[in-house]
>>> print(open('query_26.pdb').read())   # PDB, C-alpha atoms, pLDDT in the B column
ATOM      1  CA  ARG J   1      55.586  45.238   4.250  1.00 61.00           C
ATOM      2  CA  LEU J   2      58.007  42.432   3.498  1.00 67.00           C
ATOM      3  CA  GLN J   3      56.996  40.775   6.805  1.00 67.00           C
ATOM      4  CA  LEU J   4      53.331  40.791   5.848  1.00 65.00           C
ATOM      5  CA  LYS J   5      53.852  39.713   2.255  1.00 66.00           C
ATOM      6  CA  SER J   6      56.569  37.095   2.727  1.00 70.00           C
ATOM      7  CA  HIS J   7      56.061  35.799   6.258  1.00 69.00           C
ATOM      8  CA  GLY J   8      52.341  36.300   6.770  1.00 67.00           C
ATOM      9  CA  ASN J   9      52.655  37.371  10.377  1.00 73.00           C
ATOM     10  CA  GLY J  10      50.048  40.119  10.234  1.00 77.00           C
ATOM     11  CA  LEU J  11      46.568  39.620  11.636  1.00 82.00           C
ATOM     12  CA  ALA J  12      43.569  39.607   9.363  1.00 84.00           C
ATOM     13  CA  SER J  13      41.093  42.434   9.898  1.00 91.00           C
ATOM     14  CA  PHE J  14      38.507  40.165  11.470  1.00 94.00           C
ATOM     15  CA  ASP J  15      41.050  38.659  13.888  1.00 91.00           C
ATOM     16  CA  SER J  16      42.110  42.153  14.924  1.00 92.00           C
ATOM     17  CA  TRP J  17      38.481  43.147  15.493  1.00 94.00           C
ATOM     18  CA  LEU J  18      37.901  40.034  17.644  1.00 93.00           C
ATOM     19  CA  ILE J  19      40.904  40.931  19.815  1.00 93.00           C
ATOM     20  CA  ILE J  20      39.689  44.497  20.300  1.00 95.00           C
ATOM     21  CA  ARG J  21      36.191  43.268  21.108  1.00 94.00           C
ATOM     22  CA  GLY J  22      37.547  40.752  23.629  1.00 93.00           C
ATOM     23  CA  LEU J  23      39.704  43.357  25.357  1.00 95.00           C
ATOM     24  CA  LYS J  24      36.601  45.390  26.163  1.00 95.00           C
ATOM     25  CA  THR J  25      35.300  42.667  28.498  1.00 94.00           C
ATOM     26  CA  LEU J  26      38.637  41.236  29.681  1.00 93.00           C
ATOM     27  CA  ALA J  27      38.602  42.901  33.115  1.00 94.00           C
ATOM     28  CA  ILE J  28      35.135  41.684  34.044  1.00 95.00           C
ATOM     29  CA  ARG J  29      35.847  38.182  32.717  1.00 94.00           C
ATOM     30  CA  MET J  30      39.038  37.980  34.770  1.00 94.00           C
ATOM     31  CA  GLN J  31      37.201  39.226  37.853  1.00 96.00           C
ATOM     32  CA  ARG J  32      34.666  36.403  37.452  1.00 96.00           C
ATOM     33  CA  HIS J  33      37.422  33.847  36.749  1.00 95.00           C
ATOM     34  CA  ASN J  34      39.180  34.905  39.967  1.00 96.00           C
ATOM     35  CA  GLU J  35      36.001  34.789  42.078  1.00 97.00           C
ATOM     36  CA  ASN J  36      34.844  31.459  40.667  1.00 98.00           C
ATOM     37  CA  GLY J  37      38.307  29.915  40.865  1.00 97.00           C
ATOM     38  CA  MET J  38      38.649  30.733  44.553  1.00 97.00           C
ATOM     39  CA  LYS J  39      35.154  29.471  45.426  1.00 98.00           C
ATOM     40  CA  VAL J  40      35.593  26.204  43.533  1.00 98.00           C
ATOM     41  CA  ALA J  41      39.081  25.628  44.976  1.00 98.00           C
ATOM     42  CA  GLN J  42      37.762  26.189  48.507  1.00 98.00           C
ATOM     43  CA  TRP J  43      34.848  23.826  47.853  1.00 98.00           C
ATOM     44  CA  LEU J  44      37.155  21.133  46.459  1.00 98.00           C
ATOM     45  CA  ARG J  45      39.397  21.429  49.512  1.00 97.00           C
ATOM     46  CA  GLN J  46      36.437  20.542  51.736  1.00 97.00           C
ATOM     47  CA  GLN J  47      35.572  17.362  49.839  1.00 97.00           C
ATOM     48  CA  GLU J  48      36.404  14.052  51.502  1.00 96.00           C
ATOM     49  CA  LYS J  49      37.144  12.318  48.175  1.00 96.00           C
ATOM     50  CA  ILE J  50      39.682  14.957  47.122  1.00 97.00           C
ATOM     51  CA  GLU J  51      43.169  14.254  48.407  1.00 96.00           C
ATOM     52  CA  LYS J  52      44.938  17.549  47.593  1.00 97.00           C
ATOM     53  CA  VAL J  53      44.056  20.803  45.838  1.00 98.00           C
ATOM     54  CA  PHE J  54      46.714  22.900  44.105  1.00 96.00           C
ATOM     55  CA  TYR J  55      45.594  26.511  43.721  1.00 97.00           C
ATOM     56  CA  VAL J  56      47.879  29.531  43.743  1.00 96.00           C
ATOM     57  CA  GLY J  57      45.240  31.476  45.702  1.00 96.00           C
ATOM     58  CA  PHE J  58      45.874  29.365  48.810  1.00 96.00           C
ATOM     59  CA  GLU J  59      48.431  30.792  51.225  1.00 94.00           C
ATOM     60  CA  ASP J  60      50.129  27.389  51.524  1.00 94.00           C
ATOM     61  CA  HIS J  61      50.758  27.175  47.750  1.00 93.00           C
ATOM     62  CA  MET J  62      54.452  27.558  46.932  1.00 92.00           C
ATOM     63  CA  GLY J  63      53.713  30.296  44.361  1.00 92.00           C
ATOM     64  CA  TYR J  64      51.356  32.334  46.551  1.00 93.00           C
ATOM     65  CA  ASP J  65      53.804  35.091  47.615  1.00 95.00           C
ATOM     66  CA  ILE J  66      55.115  35.638  44.116  1.00 95.00           C
ATOM     67  CA  SER J  67      51.580  35.687  42.732  1.00 94.00           C
ATOM     68  CA  CYS J  68      50.579  38.327  45.275  1.00 94.00           C
ATOM     69  CA  ARG J  69      53.487  40.513  44.166  1.00 95.00           C
ATOM     70  CA  GLN J  70      52.915  40.066  40.440  1.00 95.00           C
ATOM     71  CA  SER J  71      49.147  40.028  39.987  1.00 93.00           C
ATOM     72  CA  THR J  72      45.875  41.282  41.351  1.00 91.00           C
ATOM     73  CA  GLY J  73      44.117  37.914  41.337  1.00 93.00           C
ATOM     74  CA  PHE J  74      44.767  34.193  41.290  1.00 95.00           C
ATOM     75  CA  GLY J  75      42.931  33.120  38.165  1.00 92.00           C
ATOM     76  CA  SER J  76      40.909  29.981  37.753  1.00 95.00           C
ATOM     77  CA  MET J  77      43.325  27.139  37.088  1.00 94.00           C
ATOM     78  CA  ILE J  78      43.043  24.417  39.715  1.00 97.00           C
ATOM     79  CA  SER J  79      44.759  21.050  39.854  1.00 96.00           C
ATOM     80  CA  PHE J  80      43.777  18.342  42.274  1.00 98.00           C
ATOM     81  CA  ASN J  81      44.340  14.739  43.221  1.00 97.00           C
ATOM     82  CA  VAL J  82      41.515  12.372  43.978  1.00 97.00           C
ATOM     83  CA  LYS J  83      41.944   9.245  46.099  1.00 95.00           C
ATOM     84  CA  SER J  84      41.754   6.660  43.297  1.00 95.00           C
ATOM     85  CA  TYR J  85      41.845   6.180  39.545  1.00 96.00           C
ATOM     86  CA  GLU J  86      38.245   4.942  39.762  1.00 96.00           C
ATOM     87  CA  MET J  87      37.289   8.394  41.057  1.00 97.00           C
ATOM     88  CA  VAL J  88      39.007   9.991  38.042  1.00 96.00           C
ATOM     89  CA  GLU J  89      36.917   7.804  35.735  1.00 96.00           C
ATOM     90  CA  LYS J  90      33.758   8.616  37.673  1.00 97.00           C
ATOM     91  CA  ILE J  91      34.312  12.368  37.544  1.00 97.00           C
ATOM     92  CA  LEU J  92      35.212  12.440  33.864  1.00 96.00           C
ATOM     93  CA  SER J  93      32.220  10.325  32.886  1.00 96.00           C
ATOM     94  CA  ARG J  94      29.715  12.144  35.111  1.00 97.00           C
ATOM     95  CA  VAL J  95      30.428  15.856  34.622  1.00 97.00           C
ATOM     96  CA  ASP J  96      27.549  17.354  32.700  1.00 97.00           C
ATOM     97  CA  MET J  97      27.939  21.109  32.347  1.00 97.00           C
ATOM     98  CA  ILE J  98      31.720  20.919  32.693  1.00 97.00           C
ATOM     99  CA  MET J  99      33.320  19.722  29.479  1.00 94.00           C
ATOM    100  CA  PHE J 100      36.151  17.194  29.282  1.00 91.00           C
ATOM    101  CA  ALA J 101      38.616  18.934  26.964  1.00 88.00           C
ATOM    102  CA  GLU J 102      42.257  19.966  26.628  1.00 81.00           C
ATOM    103  CA  SER J 103      41.763  23.623  25.788  1.00 78.00           C
ATOM    104  CA  LEU J 104      41.963  25.576  29.036  1.00 77.00           C
ATOM    105  CA  GLY J 105      41.384  29.221  29.961  1.00 77.00           C
ATOM    106  CA  GLY J 106      38.164  29.975  28.080  1.00 85.00           C
ATOM    107  CA  THR J 107      34.875  31.278  29.407  1.00 93.00           C
ATOM    108  CA  GLU J 108      33.472  27.788  29.940  1.00 96.00           C
ATOM    109  CA  THR J 109      34.571  25.397  32.676  1.00 97.00           C
ATOM    110  CA  LEU J 110      36.708  22.549  31.372  1.00 96.00           C
ATOM    111  CA  ILE J 111      38.336  19.553  33.026  1.00 96.00           C
ATOM    112  CA  THR J 112      41.336  17.678  31.682  1.00 93.00           C
ATOM    113  CA  TYR J 113      43.245  14.525  32.562  1.00 92.00           C
ATOM    114  CA  PRO J 114      46.873  15.546  31.917  1.00 84.00           C
ATOM    115  CA  ARG J 115      48.209  11.983  32.105  1.00 82.00           C
ATOM    116  CA  THR J 116      46.569  11.008  28.803  1.00 77.00           C
ATOM    117  CA  GLN J 117      46.113  14.435  27.284  1.00 72.00           C
ATOM    118  CA  THR J 118      48.530  17.349  27.711  1.00 71.00           C
ATOM    119  CA  HIS J 119      51.369  15.291  29.257  1.00 71.00           C
ATOM    120  CA  GLU J 120      50.924  11.968  27.476  1.00 75.00           C
ATOM    121  CA  SER J 121      54.195  12.257  25.525  1.00 77.00           C
ATOM    122  CA  ILE J 122      56.276  12.954  28.653  1.00 80.00           C
ATOM    123  CA  PRO J 123      58.127   9.914  30.010  1.00 81.00           C
ATOM    124  CA  GLU J 124      56.466   8.238  33.007  1.00 82.00           C
ATOM    125  CA  GLU J 125      59.386   8.951  35.352  1.00 86.00           C
ATOM    126  CA  THR J 126      59.199  12.675  34.548  1.00 85.00           C
ATOM    127  CA  ARG J 127      55.410  12.733  34.938  1.00 79.00           C
ATOM    128  CA  GLN J 128      55.744  11.153  38.376  1.00 81.00           C
ATOM    129  CA  LYS J 129      58.333  13.772  39.424  1.00 87.00           C
ATOM    130  CA  LEU J 130      55.964  16.512  38.241  1.00 84.00           C
ATOM    131  CA  GLY J 131      53.047  14.992  40.137  1.00 83.00           C
ATOM    132  CA  ILE J 132      51.149  14.039  36.983  1.00 86.00           C
ATOM    133  CA  THR J 133      49.902  10.807  38.508  1.00 89.00           C
ATOM    134  CA  GLU J 134      46.918   8.627  37.628  1.00 90.00           C
ATOM    135  CA  THR J 135      44.813  10.516  40.207  1.00 94.00           C
ATOM    136  CA  PHE J 136      45.660  14.055  38.999  1.00 94.00           C
ATOM    137  CA  LEU J 137      43.061  16.267  37.290  1.00 97.00           C
ATOM    138  CA  ARG J 138      43.168  19.869  36.101  1.00 95.00           C
ATOM    139  CA  LEU J 139      40.198  22.213  36.094  1.00 96.00           C
ATOM    140  CA  SER J 140      39.859  25.498  34.232  1.00 96.00           C
ATOM    141  CA  VAL J 141      37.000  27.289  35.977  1.00 97.00           C
ATOM    142  CA  GLY J 142      34.890  29.407  33.651  1.00 96.00           C
ATOM    143  CA  ILE J 143      32.655  32.398  34.179  1.00 97.00           C
ATOM    144  CA  GLU J 144      29.367  30.527  34.487  1.00 97.00           C
ATOM    145  CA  ASN J 145      27.339  30.777  37.689  1.00 98.00           C
ATOM    146  CA  VAL J 146      29.669  29.348  40.344  1.00 98.00           C
ATOM    147  CA  ASP J 147      26.823  27.477  42.050  1.00 98.00           C
ATOM    148  CA  ASP J 148      26.176  25.602  38.793  1.00 98.00           C
ATOM    149  CA  ILE J 149      29.866  24.676  38.513  1.00 98.00           C
ATOM    150  CA  ILE J 150      29.983  23.406  42.100  1.00 98.00           C
ATOM    151  CA  ARG J 151      26.683  21.548  41.687  1.00 98.00           C
ATOM    152  CA  ASP J 152      28.078  19.737  38.636  1.00 98.00           C
ATOM    153  CA  LEU J 153      31.295  18.825  40.454  1.00 98.00           C
ATOM    154  CA  ASP J 154      29.295  17.680  43.474  1.00 98.00           C
ATOM    155  CA  GLN J 155      27.091  15.307  41.493  1.00 98.00           C
ATOM    156  CA  ALA J 156      30.154  13.960  39.637  1.00 98.00           C
ATOM    157  CA  ILE J 157      32.225  13.421  42.793  1.00 97.00           C
ATOM    158  CA  ASN J 158      29.648  12.623  45.428  1.00 95.00           C
ATOM    159  CA  GLY J 159      26.665  11.417  43.419  1.00 90.00           C
TER     160      GLY J 159
END
>>> encode(input="query_26.pdb", output="structure tokens")
Amino acid sequence: RLQLKSHGNGLASFDSWLIIRGLKTLAIRMQRHNENGMKVAQWLRQQEKIEKVFYVGFEDHMGYDISCRQSTGFGSMISFNVKSYEMVEKILSRVDMIMFAESLGGTETLITYPRTQTHESIPEETRQKLGITETFLRLSVGIENVDDIIRDLDQAING
């Protein structure tokens, strides 16, 4: 009681209801995230203008073995390098369905440019060591139709 009254760390009724409602569809949403993530990562890997794709669902990813032991899927977070900064600008300005935003992990597909968003305050030397270069993008693949996601990426990258 003291915790709730003095510290305010209890959830409001509506927030609690939203969590319970979301848990009911969590398994199917994660299944779709996993399926879409793998398909988009595989598609990106086949693109000539993409230099490298980082996705834990690839056997050559350094976290693959641990991920296999600890989870039943690979999720939908993908990072990748394009061949030039101009390609970064092109992709970010041309995506249509995919939104350019920092909030990752939702039901909609989002793309972010960590260098000026999530990692902007990190010193340049540290960013370089982490691989957060000027050609690095991060994609949070949503649960939309995967063909629509790939079509949007294709027109942004190759159009």
>>> closest_residue(input="query_26.pdb", among="J:Arg115, J:His61, J:Lys129, J:Lys49", to="Glu86 of chain J", atoms="all atoms listed in the file")
J:Lys49
>>> atom_distance(input="query_26.pdb", atom1="atom CA of Ile66 of chain J", atom2="atom CA of Trp43 of chain J")
23.8 Å
>>> atom_distance(input="query_26.pdb", atom1="atom CA of Val53 of chain J", atom2="atom CA of Leu104 of chain J")
17.6 Å
>>> residues_around(input="query_26.pdb", residues="His33 of chain J", least_positions_apart="2", cutoff="10 Å", atoms="only C-alpha atoms", output="PyMOL selection string")
chain J and resi 27-31+35-39+73-77+105-109+140-144+146
>>> axis_aligned_box(input="query_26.pdb", around="segment 35-39 of chain J", padding_each_side="8 Å", output="JSON")
{"center_x": 36.7, "center_y": 32.1, "center_z": 43.0, "size_x": 19.8, "size_y": 21.3, "size_z": 20.8}
>>> atom_distance(input="query_26.pdb", atom1="atom CA of Gly63 of chain J", atom2="atom CA of Arg138 of chain J")
17.0 Å
>>> decode(input="query_26.pdb", residues="segment 92-106 of chain J", atoms="all heavy atoms", output="PDB file, in the first residue's frame")
ATOM      1  N   LEU J  92      15.809   6.163 -46.782  1.00  0.00           N
ATOM      2  CA  LEU J  92      15.017   6.866 -45.772  1.00  0.00           C
ATOM      3  C   LEU J  92      14.011   7.837 -46.379  1.00  0.00           C
ATOM      4  O   LEU J  92      12.937   8.053 -45.821  1.00  0.00           O
ATOM      5  CB  LEU J  92      15.932   7.588 -44.781  1.00  0.00           C
ATOM      6  CG  LEU J  92      16.817   6.686 -43.923  1.00  0.00           C
ATOM      7  CD1 LEU J  92      17.708   7.520 -43.010  1.00  0.00           C
ATOM      8  CD2 LEU J  92      15.995   5.690 -43.119  1.00  0.00           C
ATOM      9  N   SER J  93      14.330   8.391 -47.518  1.00  0.00           N
ATOM     10  CA  SER J  93      13.399   9.341 -48.147  1.00  0.00           C
ATOM     11  C   SER J  93      12.346   8.635 -49.005  1.00  0.00           C
ATOM     12  O   SER J  93      11.309   9.210 -49.303  1.00  0.00           O
ATOM     13  CB  SER J  93      14.160  10.362 -48.986  1.00  0.00           C
ATOM     14  OG  SER J  93      14.749   9.744 -50.107  1.00  0.00           O
ATOM     15  N   ARG J  94      12.607   7.401 -49.408  1.00  0.00           N
ATOM     16  CA  ARG J  94      11.710   6.723 -50.345  1.00  0.00           C
ATOM     17  C   ARG J  94      10.789   5.678 -49.718  1.00  0.00           C
ATOM     18  O   ARG J  94       9.814   5.283 -50.353  1.00  0.00           O
ATOM     19  CB  ARG J  94      12.521   6.076 -51.461  1.00  0.00           C
ATOM     20  CG  ARG J  94      13.156   7.100 -52.393  1.00  0.00           C
ATOM     21  CD  ARG J  94      13.889   6.412 -53.505  1.00  0.00           C
ATOM     22  NE  ARG J  94      13.006   5.492 -54.211  1.00  0.00           N
ATOM     23  CZ  ARG J  94      12.538   5.672 -55.435  1.00  0.00           C
ATOM     24  NH1 ARG J  94      12.889   6.742 -56.096  1.00  0.00           N
ATOM     25  NH2 ARG J  94      11.770   4.790 -56.010  1.00  0.00           N
ATOM     26  N   VAL J  95      11.104   5.186 -48.509  1.00  0.00           N
ATOM     27  CA  VAL J  95      10.183   4.200 -47.931  1.00  0.00           C
ATOM     28  C   VAL J  95       8.815   4.841 -47.797  1.00  0.00           C
ATOM     29  O   VAL J  95       8.692   6.021 -47.480  1.00  0.00           O
ATOM     30  CB  VAL J  95      10.687   3.630 -46.577  1.00  0.00           C
ATOM     31  CG1 VAL J  95      11.844   2.670 -46.767  1.00  0.00           C
ATOM     32  CG2 VAL J  95      11.021   4.723 -45.584  1.00  0.00           C
ATOM     33  N   ASP J  96       7.797   4.050 -48.062  1.00  0.00           N
ATOM     34  CA  ASP J  96       6.433   4.573 -48.070  1.00  0.00           C
ATOM     35  C   ASP J  96       5.624   3.947 -46.931  1.00  0.00           C
ATOM     36  O   ASP J  96       5.184   4.634 -46.025  1.00  0.00           O
ATOM     37  CB  ASP J  96       5.803   4.281 -49.435  1.00  0.00           C
ATOM     38  CG  ASP J  96       4.425   4.877 -49.579  1.00  0.00           C
ATOM     39  OD1 ASP J  96       4.185   5.963 -49.032  1.00  0.00           O
ATOM     40  OD2 ASP J  96       3.587   4.257 -50.238  1.00  0.00           O
ATOM     41  N   MET J  97       5.449   2.665 -46.980  1.00  0.00           N
ATOM     42  CA  MET J  97       4.711   1.955 -45.934  1.00  0.00           C
ATOM     43  C   MET J  97       5.544   1.886 -44.650  1.00  0.00           C
ATOM     44  O   MET J  97       5.033   2.039 -43.550  1.00  0.00           O
ATOM     45  CB  MET J  97       4.371   0.545 -46.403  1.00  0.00           C
ATOM     46  CG  MET J  97       3.567  -0.248 -45.400  1.00  0.00           C
ATOM     47  SD  MET J  97       3.431  -1.976 -45.874  1.00  0.00           S
ATOM     48  CE  MET J  97       4.870  -2.624 -45.065  1.00  0.00           C
ATOM     49  N   ILE J  98       6.832   1.653 -44.817  1.00  0.00           N
ATOM     50  CA  ILE J  98       7.744   1.559 -43.676  1.00  0.00           C
ATOM     51  C   ILE J  98       7.976   2.960 -43.137  1.00  0.00           C
ATOM     52  O   ILE J  98       8.289   3.885 -43.893  1.00  0.00           O
ATOM     53  CB  ILE J  98       9.080   0.914 -44.105  1.00  0.00           C
ATOM     54  CG1 ILE J  98       8.827  -0.510 -44.608  1.00  0.00           C
ATOM     55  CG2 ILE J  98      10.086   0.932 -42.968  1.00  0.00           C
ATOM     56  CD1 ILE J  98      10.008  -1.145 -45.305  1.00  0.00           C
ATOM     57  N   MET J  99       7.829   3.112 -41.833  1.00  0.00           N
ATOM     58  CA  MET J  99       7.999   4.434 -41.228  1.00  0.00           C
ATOM     59  C   MET J  99       9.420   4.620 -40.707  1.00  0.00           C
ATOM     60  O   MET J  99      10.022   3.692 -40.173  1.00  0.00           O
ATOM     61  CB  MET J  99       7.002   4.611 -40.084  1.00  0.00           C
ATOM     62  CG  MET J  99       5.566   4.712 -40.563  1.00  0.00           C
ATOM     63  SD  MET J  99       4.408   5.017 -39.210  1.00  0.00           S
ATOM     64  CE  MET J  99       4.333   3.393 -38.468  1.00  0.00           C
ATOM     65  N   PHE J 100       9.927   5.838 -40.854  1.00  0.00           N
ATOM     66  CA  PHE J 100      11.225   6.227 -40.324  1.00  0.00           C
ATOM     67  C   PHE J 100      10.992   6.722 -38.906  1.00  0.00           C
ATOM     68  O   PHE J 100      10.437   7.800 -38.697  1.00  0.00           O
ATOM     69  CB  PHE J 100      11.830   7.307 -41.230  1.00  0.00           C
ATOM     70  CG  PHE J 100      13.148   7.861 -40.764  1.00  0.00           C
ATOM     71  CD1 PHE J 100      14.129   7.041 -40.250  1.00  0.00           C
ATOM     72  CD2 PHE J 100      13.409   9.215 -40.868  1.00  0.00           C
ATOM     73  CE1 PHE J 100      15.354   7.551 -39.833  1.00  0.00           C
ATOM     74  CE2 PHE J 100      14.622   9.739 -40.466  1.00  0.00           C
ATOM     75  CZ  PHE J 100      15.591   8.908 -39.950  1.00  0.00           C
ATOM     76  N   ALA J 101      11.367   5.903 -37.917  1.00  0.00           N
ATOM     77  CA  ALA J 101      11.095   6.238 -36.521  1.00  0.00           C
ATOM     78  C   ALA J 101      12.054   5.506 -35.606  1.00  0.00           C
ATOM     79  O   ALA J 101      12.635   4.494 -35.976  1.00  0.00           O
ATOM     80  CB  ALA J 101       9.654   5.863 -36.169  1.00  0.00           C
ATOM     81  N   GLU J 102      12.201   5.995 -34.390  1.00  0.00           N
ATOM     82  CA  GLU J 102      13.105   5.384 -33.412  1.00  0.00           C
ATOM     83  C   GLU J 102      12.483   4.253 -32.623  1.00  0.00           C
ATOM     84  O   GLU J 102      13.189   3.401 -32.121  1.00  0.00           O
ATOM     85  CB  GLU J 102      13.604   6.448 -32.426  1.00  0.00           C
ATOM     86  CG  GLU J 102      14.623   7.359 -33.026  1.00  0.00           C
ATOM     87  CD  GLU J 102      15.201   8.307 -32.018  1.00  0.00           C
ATOM     88  OE1 GLU J 102      15.556   7.859 -30.913  1.00  0.00           O
ATOM     89  OE2 GLU J 102      15.298   9.503 -32.331  1.00  0.00           O
ATOM     90  N   SER J 103      11.212   4.237 -32.445  1.00  0.00           N
ATOM     91  CA  SER J 103      10.554   3.232 -31.628  1.00  0.00           C
ATOM     92  C   SER J 103      10.518   1.914 -32.394  1.00  0.00           C
ATOM     93  O   SER J 103       9.933   1.810 -33.457  1.00  0.00           O
ATOM     94  CB  SER J 103       9.125   3.684 -31.293  1.00  0.00           C
ATOM     95  OG  SER J 103       8.483   2.696 -30.549  1.00  0.00           O
ATOM     96  N   LEU J 104      11.151   0.898 -31.853  1.00  0.00           N
ATOM     97  CA  LEU J 104      11.266  -0.380 -32.549  1.00  0.00           C
ATOM     98  C   LEU J 104      10.515  -1.475 -31.790  1.00  0.00           C
ATOM     99  O   LEU J 104      10.352  -1.410 -30.580  1.00  0.00           O
ATOM    100  CB  LEU J 104      12.735  -0.767 -32.696  1.00  0.00           C
ATOM    101  CG  LEU J 104      13.620   0.272 -33.387  1.00  0.00           C
ATOM    102  CD1 LEU J 104      15.072  -0.143 -33.322  1.00  0.00           C
ATOM    103  CD2 LEU J 104      13.184   0.470 -34.818  1.00  0.00           C
ATOM    104  N   GLY J 105      10.087  -2.512 -32.513  1.00  0.00           N
ATOM    105  CA  GLY J 105       9.487  -3.675 -31.872  1.00  0.00           C
ATOM    106  C   GLY J 105       7.975  -3.694 -31.870  1.00  0.00           C
ATOM    107  O   GLY J 105       7.369  -4.569 -31.265  1.00  0.00           O
ATOM    108  N   GLY J 106       7.326  -2.756 -32.542  1.00  0.00           N
ATOM    109  CA  GLY J 106       5.870  -2.741 -32.594  1.00  0.00           C
ATOM    110  C   GLY J 106       5.339  -3.606 -33.721  1.00  0.00           C
ATOM    111  O   GLY J 106       6.071  -4.350 -34.373  1.00  0.00           O
TER     112      GLY J 106
END
